[in-house]
Amino acid sequence: MIIGLTGSYCSGKDTVAEYISKKHGYIHYSLSDVIREMMREANIKLERENFIVFGTKLREKNGNGILARKILEKIAIGTKCCITSIRHSEEVKELRKRKDFILVNINSPQLLRFKRMQYRKRLGDPNTLEKFVELENKESQVGGSGQQLKKTADMADINFVNDSNDIVTLKAAVERLFISINGLGI
């Protein structure tokens, strides 16, 4: 089974994927890792703005589903994995070619996500809420090769709200999510 996790920045996608991986034996892949690897090879600084520009150019050149195709090349049929950083509707379409794929949209309140972003202190993250909101809006295009976070979220089979910073509460909620996913019979 392939569990795809999409959603807003700092909504907890990687935390959920890491938990499912450790607790249930899934392998965690990130579409962003494909971009990171290519940016390192090209000596491009790993900052959020550069990711967006590089990813958009990569999609323009190779098709909007390129990142999903590259990840799927690594995944054998029957492998249990979580895929994060799904940010374009064409990536979802590529992943849906696998019959064992399910997409979960993870979201959290905007202010909570901004606070999480400040806490993680990743290079290139915005320092103000205004810049954070501006970048989010930029990453929710409805067409073209740029990020389509809202459109991708709208394609989800399941919506999951992560509105707590308490890891015990999150783990319990993820267990309920995992039961829901398995209940779909994919």
# chains A, B, ... in the order shown; residues from 1 in each chain; ligands from 1
$ residues_around --residues "range 155-164 of chain A" --least-positions-apart "6" --cutoff "6 Å" --atoms "only C-alpha atoms" --output "ChimeraX atom specification"
/A:103-108
$ select_by_dssp --residues "range 15-130 of chain A" --states "helix (DSSP H, G or I)" --output "short mmCIF file (atom, residue, chain, number, x, y, z; two decimals) with C-alpha atoms, in the first residue's frame"
data_model
loop_
_atom_site.label_atom_id
_atom_site.label_comp_id
_atom_site.auth_asym_id
_atom_site.auth_seq_id
_atom_site.Cartn_x
_atom_site.Cartn_y
_atom_site.Cartn_z
CA THR A 15 5.82 13.57 11.42
CA VAL A 16 2.82 11.42 10.45
CA ALA A 17 4.87 9.57 7.80
CA GLU A 18 7.72 8.91 10.24
CA TYR A 19 5.30 7.57 12.83
CA ILE A 20 3.56 5.25 10.33
CA SER A 21 6.96 4.11 9.10
CA LYS A 22 8.25 3.25 12.57
CA LYS A 23 5.02 1.84 13.99
CA HIS A 24 3.74 -0.04 10.93
CA LEU A 31 9.12 14.03 -3.45
CA SER A 32 11.17 16.92 -2.05
CA ASP A 33 14.12 14.54 -1.63
CA VAL A 34 14.19 14.13 -5.42
CA ILE A 35 14.44 17.91 -5.80
CA ARG A 36 17.01 18.18 -2.96
CA GLU A 37 19.23 15.58 -4.62
CA MET A 38 19.08 17.34 -7.99
CA MET A 39 19.71 20.76 -6.42
CA ARG A 40 22.77 19.45 -4.58
CA GLU A 41 24.12 18.07 -7.85
CA ARG A 48 12.40 27.16 0.17
CA GLU A 49 12.25 29.77 -2.62
CA ASN A 50 14.90 27.85 -4.60
CA PHE A 51 12.91 24.62 -4.13
CA ILE A 52 9.81 26.23 -5.58
CA VAL A 53 11.64 27.68 -8.59
CA PHE A 54 13.65 24.51 -9.23
CA GLY A 55 10.59 22.25 -8.88
CA THR A 56 8.56 24.43 -11.23
CA LYS A 57 11.31 24.40 -13.88
CA LEU A 58 11.71 20.64 -13.48
CA ARG A 59 7.97 20.14 -14.07
CA GLU A 60 7.98 22.52 -17.05
CA LYS A 61 10.80 20.57 -18.67
CA ASN A 62 9.75 17.00 -17.80
CA ILE A 66 7.96 13.94 -12.98
CA LEU A 67 8.62 13.72 -9.23
CA ALA A 68 5.97 11.03 -8.72
CA ARG A 69 7.32 9.05 -11.68
CA LYS A 70 10.84 9.16 -10.22
CA ILE A 71 9.63 7.94 -6.81
CA LEU A 72 7.46 5.19 -8.31
CA SER A 89 -2.32 17.47 -9.13
CA GLU A 90 -0.39 15.64 -11.87
CA GLU A 91 1.74 13.97 -9.19
CA VAL A 92 -1.47 12.62 -7.67
CA LYS A 93 -2.60 11.39 -11.10
CA GLU A 94 0.70 9.55 -11.59
CA LEU A 95 0.51 7.99 -8.12
CA GLN A 110 -2.42 28.56 9.82
CA LEU A 111 -1.05 30.26 12.95
CA LEU A 112 -0.11 26.90 14.48
CA ARG A 113 1.70 25.94 11.27
CA PHE A 114 3.57 29.24 11.23
CA LYS A 115 4.69 28.67 14.84
CA ARG A 116 5.87 25.17 13.92
CA MET A 117 7.81 26.64 11.01
CA GLN A 118 9.49 29.16 13.30
CA TYR A 119 10.37 26.38 15.74
CA ARG A 120 12.01 24.13 13.14
CA LEU A 129 3.33 35.60 9.23
CA GLU A 130 2.71 37.96 6.30
#
$ closest_residue --among "A:Met1, A:Ser85, A:Ile27, A:Lys74" --to "Asp14 in chain A" --atoms "only C-alpha atoms"
A:Ser85
$ closest_residue --among "A:Pro126, A:Gly78, A:Arg87, A:Leu46" --to "Gly146 in chain A" --atoms "only C-alpha atoms"
A:Arg87
$ atom_distance --atom1 "CA of Ala42 in chain A" --atom2 "CA of Ser30 in chain A"
19.2 Å
$ atom_distance --atom1 "CA of Tyr26 in chain A" --atom2 "CA of Leu170 in chain A"
17.8 Å
$ closest_residue --among "A:Thr128, A:Asn64, A:Asn43, A:Asn182" --to "Gly144 in chain A" --atoms "only C-alpha atoms"
A:Asn64
